[in-house]
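Note: the block below is start.cif and it holds mmCIF, C-alpha atoms.
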data_upload
loop_
_atom_site.label_atom_id
_atom_site.label_comp_id
_atom_site.auth_asym_id
_atom_site.auth_seq_id
_atom_site.Cartn_x
_atom_site.Cartn_y
_atom_site.Cartn_z
CA MET H 516 18.64 -11.54 -4.93
CA GLU H 517 21.13 -13.39 -7.12
CA THR H 518 20.61 -16.73 -5.41
CA GLU H 519 17.06 -16.28 -4.13
CA ASP H 520 14.16 -17.72 -6.08
CA PRO H 521 12.52 -14.64 -7.67
CA PHE H 522 9.09 -15.91 -6.61
CA ILE H 523 10.23 -16.02 -2.99
CA GLN H 524 11.88 -12.62 -3.32
CA ALA H 525 8.55 -11.34 -4.63
CA GLY H 526 6.96 -12.69 -1.45
CA LYS H 527 9.49 -10.81 0.66
CA TYR H 528 8.78 -7.66 -1.34
CA SER H 529 5.05 -8.11 -0.75
CA LEU H 530 5.70 -8.73 2.93
CA ARG H 531 7.79 -5.53 2.94
CA VAL H 532 10.74 -7.06 4.79
CA LEU H 533 13.29 -6.13 2.14
CA GLU H 534 15.66 -3.23 2.66
CA GLY H 535 18.85 -1.82 1.20
CA GLU H 536 20.21 -3.33 -1.98
CA GLU H 537 17.71 -6.20 -1.95
CA LEU H 538 14.86 -3.67 -1.97
CA VAL H 539 16.46 -1.71 -4.81
CA GLN H 540 16.86 -4.89 -6.86
CA ALA H 541 13.26 -5.87 -6.21
CA GLN H 542 12.09 -2.40 -7.29
CA ARG H 543 14.11 -2.80 -10.49
CA ALA H 544 12.50 -6.18 -11.07
CA ILE H 545 9.09 -4.60 -10.56
CA LEU H 546 9.89 -2.25 -13.42
CA THR H 547 11.43 -4.74 -15.78
CA ASP H 548 10.01 -8.17 -15.13
CA PRO H 549 6.28 -8.78 -15.63
CA SER H 550 6.57 -12.23 -14.07
CA PHE H 551 7.95 -10.62 -10.91
CA VAL H 552 4.97 -8.23 -10.85
CA GLN H 553 2.62 -11.20 -11.21
CA ALA H 554 4.39 -12.97 -8.38
CA VAL H 555 4.09 -9.91 -6.11
CA GLU H 556 0.39 -9.69 -6.89
CA TRP H 557 0.00 -13.41 -6.12
CA TRP H 558 1.61 -12.91 -2.72
CA ASP H 559 -0.33 -9.69 -2.06
CA ARG H 560 -3.55 -11.58 -2.54
CA ARG H 561 -2.56 -14.54 -0.35
CA LEU H 562 -0.71 -12.78 2.44
CA GLY H 563 -3.30 -10.01 2.48
CA THR H 564 -5.90 -12.36 3.90
CA MET H 565 -3.85 -12.45 7.10
CA ALA H 566 -5.12 -8.93 7.82
CA GLU H 567 -8.57 -10.34 8.28
CA GLU H 568 -7.49 -12.12 11.44
CA ALA H 569 -5.95 -9.00 12.94
CA THR H 570 -7.07 -8.08 16.42
CA GLN H 571 -9.65 -5.33 16.22
CA PHE H 572 -9.56 -2.10 18.15
CA ALA H 573 -11.99 0.77 18.31
CA PRO H 574 -10.67 4.24 17.45
CA SER H 575 -12.06 7.24 19.30
CA SER H 576 -15.52 8.36 18.28
CA ALA H 577 -14.13 11.67 16.97
CA THR H 578 -12.26 9.87 14.19
CA ARG H 579 -15.41 9.04 12.24
CA GLU H 580 -16.58 12.64 12.26
CA ALA H 581 -13.14 13.92 11.28
CA ILE H 582 -13.03 11.62 8.25
CA LEU H 583 -16.51 12.55 7.09
CA ASN H 584 -15.65 16.24 7.48
CA ARG H 585 -12.49 15.85 5.41
CA ILE H 586 -14.44 14.10 2.68
CA LYS H 587 -17.15 16.72 2.80
CA HIS H 588 -14.60 19.48 2.30
CA GLU H 589 -12.89 17.63 -0.50
CA SER H 590 -16.09 16.84 -2.32
CA ALA H 591 -17.26 18.63 -5.40
CA ALA H 592 -20.81 18.93 -6.57
CA ASP H 593 -20.43 16.52 -9.47
CA ARG H 594 -20.78 13.28 -7.60
CA ARG H 595 -20.33 10.08 -9.46
CA VAL H 596 -20.75 6.45 -8.53
CA VAL H 597 -17.82 4.10 -8.62
CA THR H 598 -18.61 0.43 -8.44
CA ILE H 599 -16.31 -2.16 -7.01
CA GLN H 600 -17.10 -5.73 -7.94
CA PRO H 601 -16.19 -8.29 -5.29
CA LYS H 602 -15.61 -11.92 -6.11
CA ALA H 603 -18.53 -12.73 -8.32
CA GLU H 604 -19.04 -16.21 -7.07
CA ARG H 605 -19.63 -15.28 -3.47
CA PRO H 606 -20.68 -11.75 -2.58
CA SER H 607 -19.76 -10.91 0.98
CA ARG H 608 -21.83 -9.14 3.58
CA LEU H 609 -19.41 -6.30 3.20
CA SER H 610 -20.49 -5.86 -0.38
CA VAL H 611 -24.11 -5.92 0.63
CA GLY H 612 -23.31 -3.29 3.22
CA PHE H 613 -21.77 -1.07 0.58
CA ALA H 614 -24.80 -1.54 -1.59
CA MET H 615 -26.86 0.00 1.20
CA PHE H 616 -25.75 3.34 -0.17
CA GLY H 617 -29.04 3.29 -1.98
CA THR H 618 -28.11 2.60 -5.56
CA ALA H 619 -29.84 0.35 -7.98
CA MET H 620 -26.71 -1.68 -8.53
CA ALA H 621 -26.86 -5.43 -8.14
CA ALA H 622 -26.57 -6.66 -4.59
CA ALA H 623 -23.13 -8.05 -5.30
CA ALA H 624 -21.70 -4.67 -6.20
CA LEU H 625 -19.82 -2.52 -3.80
CA VAL H 626 -20.81 1.03 -4.30
CA LEU H 627 -18.99 4.04 -3.05
CA TYR H 628 -20.04 7.55 -3.73
CA VAL H 629 -16.94 9.32 -4.81
CA SER H 630 -16.54 12.97 -5.56
CA THR H 631 -13.87 14.55 -7.65
CA PRO H 632 -11.38 16.61 -5.64
CA ALA H 633 -12.58 20.10 -4.98
CA THR H 634 -10.71 23.23 -5.92
CA ASN H 635 -10.62 24.12 -2.24
CA PRO H 636 -7.68 22.61 -0.34
CA PRO H 637 -8.58 19.57 1.73
CA VAL H 638 -9.28 20.26 5.37
CA GLY H 639 -7.65 17.79 7.69
CA PRO H 640 -6.24 17.62 11.18
CA THR H 641 -4.25 20.71 12.01
CA THR H 642 -1.31 18.54 12.95
CA PHE H 643 -0.80 17.68 9.28
CA GLU H 644 -1.19 21.14 7.81
CA GLY H 645 2.03 22.74 6.65
CA ALA H 646 4.12 20.12 8.41
CA GLN H 647 5.24 18.15 5.37
CA PRO H 648 8.74 18.57 3.98
CA GLN H 649 9.65 18.97 0.33
CA LEU H 650 10.51 15.79 -1.55
CA ILE H 651 13.25 15.43 -4.12
CA ALA H 652 14.54 12.75 -6.45
CA GLN H 653 17.66 13.05 -8.56
CA LEU H 654 18.16 10.48 -11.29
CA GLN H 655 20.92 10.03 -13.82
CA ASN H 656 22.20 7.28 -16.07
CA GLU H 657 25.59 5.65 -15.64
CA ASP H 658 27.52 8.10 -17.79
CA GLY H 659 25.60 11.13 -16.59
CA THR H 660 24.33 12.10 -20.05
CA SER H 661 20.66 11.79 -19.06
CA ARG H 662 19.39 13.42 -15.90
CA LEU H 663 16.15 14.15 -14.14
CA ALA H 664 15.69 16.28 -11.04
CA SER H 665 12.28 16.46 -9.45
CA LEU H 666 10.84 18.53 -6.65
CA ILE H 667 7.56 17.52 -5.06
CA ASN H 668 5.68 19.83 -2.75
CA PRO H 669 3.26 17.63 -0.80
CA THR H 670 1.49 20.62 0.71
CA SER H 671 0.65 22.38 -2.53
CA GLN H 672 0.52 19.05 -4.42
CA ARG H 673 2.85 20.38 -7.08
CA LEU H 674 5.37 18.42 -9.15
CA SER H 675 8.35 20.05 -10.88
CA VAL H 676 10.59 18.00 -13.15
CA ARG H 677 13.75 19.19 -14.90
CA VAL H 678 14.98 16.79 -17.58
CA SER H 679 18.03 16.75 -19.81
CA GLY H 680 19.60 14.37 -22.28
CA LEU H 681 16.72 12.00 -23.00
CA GLU H 682 16.56 11.00 -26.65
CA ALA H 683 13.32 9.21 -27.38
CA GLY H 684 13.25 7.53 -30.80
CA GLU H 685 10.69 7.95 -33.54
CA GLY H 686 7.21 7.18 -32.22
CA GLN H 687 8.44 7.04 -28.65
CA VAL H 688 8.12 9.36 -25.71
CA ALA H 689 9.61 9.50 -22.21
CA GLU H 690 7.23 8.45 -19.44
CA LEU H 691 7.69 9.03 -15.72
CA TRP H 692 6.77 6.33 -13.20
CA VAL H 693 6.46 6.16 -9.44
CA ILE H 694 7.08 2.85 -7.69
CA PRO H 695 5.64 2.88 -4.18
CA GLU H 696 7.61 0.83 -1.70
CA GLY H 697 6.07 -2.63 -1.83
CA GLY H 698 3.92 -1.65 -4.80
CA VAL H 699 3.84 -1.76 -8.58
CA PRO H 700 4.69 1.13 -10.94
CA GLN H 701 2.13 3.82 -11.60
CA SER H 702 2.48 6.19 -14.52
CA LEU H 703 2.87 9.89 -13.86
CA GLY H 704 2.53 10.66 -17.56
CA TYR H 705 4.82 11.88 -20.29
CA ILE H 706 7.78 14.13 -19.68
CA PRO H 707 9.87 16.09 -22.21
CA ASN H 708 13.25 14.87 -23.49
CA SER H 709 14.73 18.11 -22.17
CA GLY H 710 13.24 21.02 -20.31
CA VAL H 711 11.00 21.66 -17.36
CA LEU H 712 7.57 20.26 -16.63
CA GLU H 713 5.47 21.61 -13.79
CA ARG H 714 1.98 20.47 -12.94
CA ASN H 715 -0.45 19.85 -10.12
CA LEU H 716 -0.67 16.38 -8.67
CA THR H 717 -3.91 14.51 -8.16
CA GLY H 718 -4.66 13.29 -4.66
CA ALA H 719 -3.92 9.72 -5.71
CA GLU H 720 -0.55 10.70 -7.18
CA SER H 721 0.42 12.62 -4.04
CA GLU H 722 -0.24 9.55 -1.93
CA LEU H 723 2.27 7.55 -3.96
CA LEU H 724 5.02 10.19 -3.94
CA LEU H 725 6.51 9.50 -0.53
CA PRO H 726 10.01 9.03 0.86
CA GLY H 727 10.94 5.44 0.10
CA SER H 728 9.11 5.41 -3.21
CA SER H 729 11.19 5.58 -6.39
CA LEU H 730 10.87 7.51 -9.61
CA ALA H 731 11.81 5.94 -12.93
CA VAL H 732 11.81 6.90 -16.59
CA THR H 733 11.22 4.66 -19.61
CA PHE H 734 10.63 5.21 -23.29
CA GLU H 735 7.15 4.13 -24.31
CA GLU H 736 5.23 3.98 -27.56
CA ASN H 737 3.59 7.34 -28.13
CA THR H 738 0.10 5.91 -28.04
CA GLY H 739 -1.16 7.91 -25.08
CA ALA H 740 -0.26 7.95 -21.41
CA PRO H 741 -0.72 6.48 -18.98
CA HIS H 742 0.52 3.06 -20.00
CA GLU H 743 -0.36 0.21 -17.69
CA ALA H 744 3.22 -0.94 -17.08
CA PRO H 745 6.67 0.31 -18.02
CA SER H 746 8.66 -1.22 -20.87
CA PRO H 747 12.28 -2.15 -20.25
CA PRO H 748 14.95 -0.95 -20.23
CA ILE H 749 14.71 1.42 -17.31
CA LEU H 750 16.53 4.58 -18.38
CA LEU H 751 16.67 6.32 -15.03
CA ILE H 752 15.70 5.28 -11.53
CA GLY H 753 16.18 6.80 -8.11
CA ALA H 754 14.64 7.08 -4.67
CA ILE H 755 12.55 9.94 -3.35
CA ASP H 756 14.01 11.65 -0.29
CA SER H 757 12.63 14.34 1.97
CA VAL H 758 14.54 17.56 2.59
CA MET D 1369 -18.51 6.30 3.45
CA GLY D 1370 -20.05 6.35 6.91
CA ILE D 1371 -21.37 2.83 6.45
CA LEU D 1372 -18.07 1.65 5.06
CA TYR D 1373 -16.31 3.19 8.05
CA ASP D 1374 -18.68 1.58 10.53
CA GLN D 1375 -18.10 -1.84 8.98
CA THR D 1376 -14.35 -1.70 8.66
CA ASN D 1377 -12.81 0.80 11.08
CA ARG D 1378 -11.95 -1.68 13.83
CA VAL D 1379 -9.99 -4.07 11.67
CA LEU D 1380 -8.16 -1.26 9.85
CA TYR D 1381 -7.40 0.56 13.10
CA GLY D 1382 -6.18 -2.71 14.61
CA SER D 1383 -3.79 -3.27 11.71
CA ILE D 1384 -2.43 0.26 11.98
CA LEU D 1385 -2.16 0.36 15.77
CA ARG D 1386 -0.18 -2.85 15.91
CA ILE D 1387 2.46 -1.30 13.66
CA VAL D 1388 2.69 2.30 14.86
CA ARG D 1389 2.05 1.63 18.60
CA SER D 1390 0.47 5.01 19.31
CA ARG D 1391 -3.29 5.53 19.50
CA GLY D 1392 -3.13 9.18 18.46
CA ARG D 1393 -0.82 8.53 15.53
CA ALA D 1394 -2.86 5.49 14.51
CA GLU D 1395 -6.03 7.60 14.42
CA GLU D 1396 -4.32 10.20 12.22
CA ILE D 1397 -3.22 7.43 9.86
CA LEU D 1398 -6.71 5.92 9.92
CA GLN D 1399 -8.10 9.25 8.73
CA ASP D 1400 -5.61 9.33 5.88
CA VAL D 1401 -6.39 5.71 5.01
CA TYR D 1402 -10.10 6.41 4.55
CA MET D 1403 -9.25 9.45 2.43
CA LYS D 1404 -7.09 7.18 0.24
CA ILE D 1405 -9.87 4.61 0.02
CA TRP D 1406 -12.32 7.32 -0.96
CA ARG D 1407 -9.99 8.69 -3.64
CA ARG D 1408 -8.88 5.30 -4.97
CA ALA D 1409 -12.22 3.49 -4.94
CA GLY D 1410 -12.25 3.36 -8.72
CA THR D 1411 -8.88 1.59 -8.85
CA TYR D 1412 -10.03 -1.47 -6.91
CA ARG D 1413 -9.80 -4.67 -8.97
CA SER D 1414 -11.66 -7.72 -7.76
CA ASP D 1415 -9.20 -10.05 -9.47
CA LYS D 1416 -6.47 -8.79 -7.11
CA GLY D 1417 -8.31 -9.85 -3.97
CA ASN D 1418 -11.44 -9.31 -1.98
CA PRO D 1419 -12.43 -5.81 -0.81
CA ILE D 1420 -11.31 -6.13 2.79
CA THR D 1421 -7.90 -7.40 1.70
CA TRP D 1422 -7.55 -4.29 -0.46
CA LEU D 1423 -8.62 -2.00 2.37
CA CYS D 1424 -6.28 -3.68 4.86
CA ALA D 1425 -3.37 -3.46 2.41
CA ILE D 1426 -3.86 0.30 2.18
CA ALA D 1427 -3.96 0.54 5.98
CA ARG D 1428 -0.92 -1.68 6.53
CA ASN D 1429 1.16 0.02 3.86
CA SER D 1430 0.25 3.46 5.18
CA ALA D 1431 1.29 2.49 8.70
CA ILE D 1432 4.57 0.96 7.50
CA ASP D 1433 5.30 4.09 5.43
CA VAL D 1434 4.92 6.20 8.56
CA VAL D 1435 7.12 4.08 10.85
CA ARG D 1436 9.85 3.85 8.21
CA ARG D 1437 9.72 7.61 7.71
CA GLU D 1438 9.28 8.75 11.30
CA GLY D 1439 10.37 5.82 13.43
CA ARG D 1440 8.40 3.37 15.51
CA MET D 1441 6.72 4.65 18.66
CA THR D 1442 6.67 2.73 21.93
CA GLU D 1443 3.61 4.19 23.61
CA ILE D 1444 1.80 0.86 23.49
CA GLY D 1445 3.36 -2.49 24.32
CA ASP D 1446 2.08 -5.96 23.54
CA ASP D 1447 0.45 -6.25 26.96
CA VAL D 1448 -1.50 -3.02 26.49
CA LEU D 1449 -2.60 -4.08 23.02
CA GLU D 1450 -4.08 -7.22 24.50
CA ASN D 1451 -5.86 -5.25 27.21
CA PHE D 1452 -7.74 -2.84 25.02
CA ALA D 1453 -8.52 -5.13 22.15
CA ASP D 1454 -12.12 -4.74 21.08
CA ASP D 1455 -13.40 -7.98 22.51
CA ALA D 1456 -16.97 -7.16 21.55
CA LYS D 1457 -16.35 -7.70 17.89
CA PRO D 1458 -14.00 -10.44 16.74
CA ALA D 1459 -13.11 -10.67 13.05
CA ASP D 1460 -16.41 -11.36 11.35
CA ASP D 1461 -16.86 -13.90 8.62
CA TRP D 1462 -18.82 -11.38 6.59
CA LEU D 1463 -15.77 -9.19 6.36
CA CYS D 1464 -13.52 -11.83 4.93
CA ASP D 1465 -13.01 -14.24 2.15
CA MET D 1466 -13.17 -17.18 4.50
CA GLU D 1467 -11.97 -19.70 1.93
CA ASP D 1468 -8.76 -17.83 1.19
CA GLN D 1469 -8.20 -16.91 4.82
CA GLU D 1470 -8.74 -20.47 5.99
CA ALA D 1471 -6.42 -21.82 3.31
CA LEU D 1472 -3.66 -19.46 4.39
CA ARG D 1473 -4.25 -20.16 8.07
CA LYS D 1474 -3.96 -23.90 7.53
CA CYS D 1475 -0.81 -23.50 5.47
CA ILE D 1476 0.81 -21.20 8.03
CA GLU D 1477 0.07 -23.79 10.71
CA THR D 1478 2.10 -26.34 8.78
CA LEU D 1479 5.22 -24.16 8.91
CA ARG D 1480 8.00 -24.62 11.41
CA SER D 1481 7.44 -22.44 14.46
CA ASP D 1482 10.29 -20.00 13.83
CA HIS D 1483 9.36 -19.66 10.15
CA ARG D 1484 5.74 -19.01 11.07
CA THR D 1485 6.64 -16.50 13.77
CA SER D 1486 8.93 -14.56 11.42
CA ILE D 1487 6.27 -14.22 8.76
CA ARG D 1488 3.52 -13.29 11.20
CA LEU D 1489 5.69 -10.70 12.95
CA ALA D 1490 6.72 -9.22 9.61
CA TYR D 1491 3.12 -8.99 8.52
CA PHE D 1492 1.43 -7.76 11.66
CA GLU D 1493 4.23 -5.61 13.11
CA GLY D 1494 5.61 -4.33 9.81
CA TYR D 1495 9.20 -5.28 10.60
CA THR D 1496 12.00 -5.35 8.04
CA GLN D 1497 14.46 -8.25 8.03
CA SER D 1498 16.97 -6.40 10.20
CA GLU D 1499 14.26 -5.24 12.61
CA LEU D 1500 13.06 -8.82 12.91
CA ALA D 1501 16.58 -10.02 13.59
CA ASN D 1502 16.94 -7.43 16.34
CA HIS D 1503 13.51 -8.16 17.78
CA ILE D 1504 13.94 -11.93 17.89
CA GLY D 1505 17.65 -11.80 18.70
CA VAL D 1506 19.08 -13.88 15.89
CA PRO D 1507 21.51 -13.04 13.05
CA ILE D 1508 19.94 -11.40 10.01
CA GLY D 1509 21.06 -14.31 7.83
CA THR D 1510 18.98 -16.60 10.00
CA ILE D 1511 15.93 -14.38 9.64
CA LYS D 1512 16.35 -14.23 5.86
CA SER D 1513 16.55 -18.00 5.77
CA TRP D 1514 13.51 -18.46 8.01
CA ILE D 1515 11.39 -16.12 5.91
CA SER D 1516 12.55 -17.71 2.66
CA ARG D 1517 11.77 -21.19 3.90
CA GLY D 1518 8.47 -20.07 5.33
CA LEU D 1519 7.44 -18.48 2.06
CA MET D 1520 8.57 -21.57 0.13
CA GLY D 1521 6.36 -23.64 2.41
CA LEU D 1522 3.41 -21.33 1.78
CA LYS D 1523 4.04 -21.33 -1.94
CA GLY D 1524 3.93 -25.11 -2.05
CA CYS D 1525 0.92 -25.35 0.24
CA LEU D 1526 -1.09 -22.64 -1.54
CA GLY D 1527 -0.22 -23.89 -5.00
CA GLY D 1528 1.92 -20.99 -6.23
#

Whole structure given in structure tokens:
Amino acid sequence: METEDPFIQAGKYSLRVLEGEELVQAQRAILTDPSFVQAVEWWDRRLGTMAEEATQFAPSSATREAILNRIKHESAADRRVVTIQPKAERPSRLSVGFAMFGTAMAAAALVLYVSTPATNPPVGPTTFEGAQPQLIAQLQNEDGTSRLASLINPTSQRLSVRVSGLEAGEGQVAELWVIPEGGVPQSLGYIPNSGVLERNLTGAESELLLPGSSLAVTFEENTGAPHEAPSPPILLIGAIDSV
Amino acid sequence: MGILYDQTNRVLYGSILRIVRSRGRAEEILQDVYMKIWRRAGTYRSDKGNPITWLCAIARNSAIDVVRREGRMTEIGDDVLENFADDAKPADDWLCDMEDQEALRKCIETLRSDHRTSIRLAYFEGYTQSELANHIGVPIGTIKSWISRGLMGLKGCLGG
């Protein structure tokens, strides 16, 4: 990392070939260096087009039904429409296909009907149910005066965080971040300077909290979470492990 | 979601299967991928790439997460993959941003063979640097160099 061009290292991070200390350093750069984030996004966009030439295979016919059943069980009554705008200059046939959902959106819009998660637990393949381990992350600064211990229960989608020794300044607040491996930081919201925070996780948050992802803490302006990106310095950072 | 699935399942399943090398495991991951797509639809940003690139990134990252957590399976070898490829439906132009894809394809073709192979194997098989070194049978320093030089070539060619 010391001698590698950061732009090239960002490409390796996007390609997901990094491991060990190089991966840790790239994850730190993701948290602290906006130009590194921009470089990763540049590579994501370019290298991602390789997927389009992947050899195609047909899954079993039961897979489609299983997915639609899982969505049906996770759906709530209050449906809403989420629009996804493809490249404006050249709408693809994919976008037109999405528009076939029957909305009055412009033909260039991708439209997915999305429901908010239901209060009932999602119903999925039995092989997944109850099989997930607990996840932990233990973070502390160099002198051990600030610590964070977190326990994540993927099954119940519950996050518990115990914090001590954070001292946010006037107008600042501690914010927790998850950095997916190969991804950019996502805010998990504010946490206390000291004490315990327990809350339910959204489906999207649960998908990011995996072994190999990292948790980090920064001080942010108290203007309302979530912030789009963390502000350096990184106070605490550590990997999520399964137990 | 049914229409979305019908239009994209083969390319996403292909991306996953190539990495995890087990049809059953790949189908479980495919289910999870469509659940993620359904939940994250509102987070898609067109300035970060076209829709299929976004969908494929979710599929590839999900498959890599699984093999790095649970290990790579060996149920399906390269020869088997070739045999049950869905030859009825090659990658369609409607699914892709052909300009971007063609630009990358041309640039990759300009790379030295070992640089190109390293990058393609890393992308399609989900290998880390050390896994690539083991797979190809060269020192890890060589692999790091090949990937760096390959990416530098792409950066210059693509105008990064």

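The residues caught by the PyMOL selection byres ((chain H and resi 526) around 9) in this file are H:Pro521, H:Phe522, H:Ile523, H:Gln524, H:Ala525, H:Lys527, H:Tyr528, H:Ser529, H:Leu530, H:Arg531, H:Ala554, H:Val555, H:Trp557, H:Trp558, H:Asp559, H:Leu562, D:Ser1516, D:Leu1519.
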
- Message: My list of candidates is D:Arg1436, D:Arg1484, D:Lys1474, D:Arg1389. Which is closest to chain H when distances are computed with only C-alpha atoms?
- Response: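 The closest residue to chain H is D:Arg1436.
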
- Option closest in space to Leu650 of chain H, from H:Leu725, H:Val699, H:Ala664, H:Met565 [counting all atoms listed in the file]: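 Of H:Leu725, H:Val699, H:Ala664, H:Met565, the one nearest Leu650 of chain H is H:Leu725, counting all atoms listed in the file.
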
- Note on the structure: Residue with the minimum atom-to-atom distance to chain H, picked from D:Trp1406, D:Arg1393, D:Val1401, D:Ile1426 with all atoms listed in the file counted, is D:Trp1406

- Pick from D:Glu1477, D:Asp1415, D:Asp1446, D:Glu1470: nearest to Arg1386 of chain D, with all atoms listed in the file counted? D:Asp1446

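Using all atoms listed in the file, the nearest neighbour of Arg1473 of chain D within the list D:Ala1490, D:Leu1423, D:Cys1525, D:Val1388 is D:Cys1525.
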
- Query: Using only C-alpha atoms, which of the listed residues (H:Ser728, H:Thr738, H:Ser665, H:Ser702) sits closest to chain D?
  - Reply: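 Of H:Ser728, H:Thr738, H:Ser665, H:Ser702, the one nearest chain D is H:Ser728, counting only C-alpha atoms.
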
- Mind checking which residues fall within 12 Å of Gln653 of chain H, counting all atoms listed in the file, ignoring those fewer than 5 positions away in the same chain, and posting them as an MDAnalysis selection string? chainID H and resid 659 661:667 675:679 729:732 751:757

Would you mind exporting C-alpha atoms of the selected residues as a compact mmCIF listing (two decimals), in the coordinates of the input?
# COMPACT_ATOMS: atom_id res chain seq x y z
CA GLY H 659 25.60 11.13 -16.59
CA SER H 661 20.66 11.79 -19.06
CA ARG H 662 19.39 13.42 -15.90
CA LEU H 663 16.15 14.15 -14.14
CA ALA H 664 15.69 16.28 -11.04
CA SER H 665 12.28 16.46 -9.45
CA LEU H 666 10.84 18.53 -6.65
CA ILE H 667 7.56 17.52 -5.06
CA SER H 675 8.35 20.05 -10.88
CA VAL H 676 10.59 18.00 -13.15
CA ARG H 677 13.75 19.19 -14.90
CA VAL H 678 14.98 16.79 -17.58
CA SER H 679 18.03 16.75 -19.81
CA SER H 729 11.19 5.58 -6.39
CA LEU H 730 10.87 7.51 -9.61
CA ALA H 731 11.81 5.94 -12.93
CA VAL H 732 11.81 6.90 -16.59
CA LEU H 751 16.67 6.32 -15.03
CA ILE H 752 15.70 5.28 -11.53
CA GLY H 753 16.18 6.80 -8.11
CA ALA H 754 14.64 7.08 -4.67
CA ILE H 755 12.55 9.94 -3.35
CA ASP H 756 14.01 11.65 -0.29
CA SER H 757 12.63 14.34 1.97

- Item | Output check: residues returned by the PyMOL selection byres ((chain H and resi 537) around 12), as a VMD selection string | (chain H and resid 516 to 519 521 524 to 525 527 to 528 531 to 536 538 to 544) or (chain D and resid 1496 to 1497 1512)

Those same residues - C-alpha atoms - I'd like them written as a short mmCIF file (atom, residue, chain, number, x, y, z; two decimals), keeping the file's coordinate frame.
data_model
loop_
_atom_site.label_atom_id
_atom_site.label_comp_id
_atom_site.auth_asym_id
_atom_site.auth_seq_id
_atom_site.Cartn_x
_atom_site.Cartn_y
_atom_site.Cartn_z
CA MET H 516 18.64 -11.54 -4.93
CA GLU H 517 21.13 -13.39 -7.12
CA THR H 518 20.61 -16.73 -5.41
CA GLU H 519 17.06 -16.28 -4.13
CA PRO H 521 12.52 -14.64 -7.67
CA GLN H 524 11.88 -12.62 -3.32
CA ALA H 525 8.55 -11.34 -4.63
CA LYS H 527 9.49 -10.81 0.66
CA TYR H 528 8.78 -7.66 -1.34
CA ARG H 531 7.79 -5.53 2.94
CA VAL H 532 10.74 -7.06 4.79
CA LEU H 533 13.29 -6.13 2.14
CA GLU H 534 15.66 -3.23 2.66
CA GLY H 535 18.85 -1.82 1.20
CA GLU H 536 20.21 -3.33 -1.98
CA LEU H 538 14.86 -3.67 -1.97
CA VAL H 539 16.46 -1.71 -4.81
CA GLN H 540 16.86 -4.89 -6.86
CA ALA H 541 13.26 -5.87 -6.21
CA GLN H 542 12.09 -2.40 -7.29
CA ARG H 543 14.11 -2.80 -10.49
CA ALA H 544 12.50 -6.18 -11.07
CA THR D 1496 12.00 -5.35 8.04
CA GLN D 1497 14.46 -8.25 8.03
CA LYS D 1512 16.35 -14.23 5.86
#

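As for atom CA of Ala1431 of chain D and atom CA of Thr570 of chain H, they are spaced 15.5 Å apart.
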
- Task: Considering all atoms listed in the file, return as an MDAnalysis selection string whatever protein or nucleic-acid residues lie within 10 Å of segment 1378-1384 of chain D, sequence-local ones (same chain, fewer than 4 positions apart) excluded.
- Result: (chainID H and resid 566:574) or (chainID D and resid 1373:1374 1388:1391 1393:1395 1397:1399 1401:1402 1420 1423:1432 1449 1453:1454 1457:1460 1463 1491:1494)

- Query: Quick one, how far is atom CA of Glu696 of chain H from atom CA of Gly727 of chain H?
  - Reply: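 Answer for the atom CA of Glu696 of chain H to atom CA of Gly727 of chain H separation: 6.0 Å.
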
- Task: Mind giving me the straight-line distance from atom CA of Thr1421 of chain D to atom CA of Glu556 of chain H in Å, one decimal?
- Result: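 Atom CA of Glu556 of chain H lies at a distance of 12.2 Å from atom CA of Thr1421 of chain D.
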
- Would you list the residues near (3.4, 9.4, -10.9), meaning any protein, DNA or RNA residue with an atom at most 6 Å from that point in file coordinates, counting all atoms listed in the file, as an MDAnalysis selection string? chainID H and resid 692:693 701:703 720

- Message: With only C-alpha atoms as the counted atoms, please give the residues lying no more than 8 Å from Thr1510 of chain D, apart from itself and same-chain residues fewer than 4 positions off, as an MDAnalysis selection string.
- Response: chainID D and resid 1501 1506 1514

- Task: Output the residue selection produced by the PyMOL selection byres ((chain D and resi 1407) around 10) on the file above, formatted as number ranges by chain.
- Result: H: 586, 589, 629-632, 717-719, 722; D: 1401-1406, 1408-1411
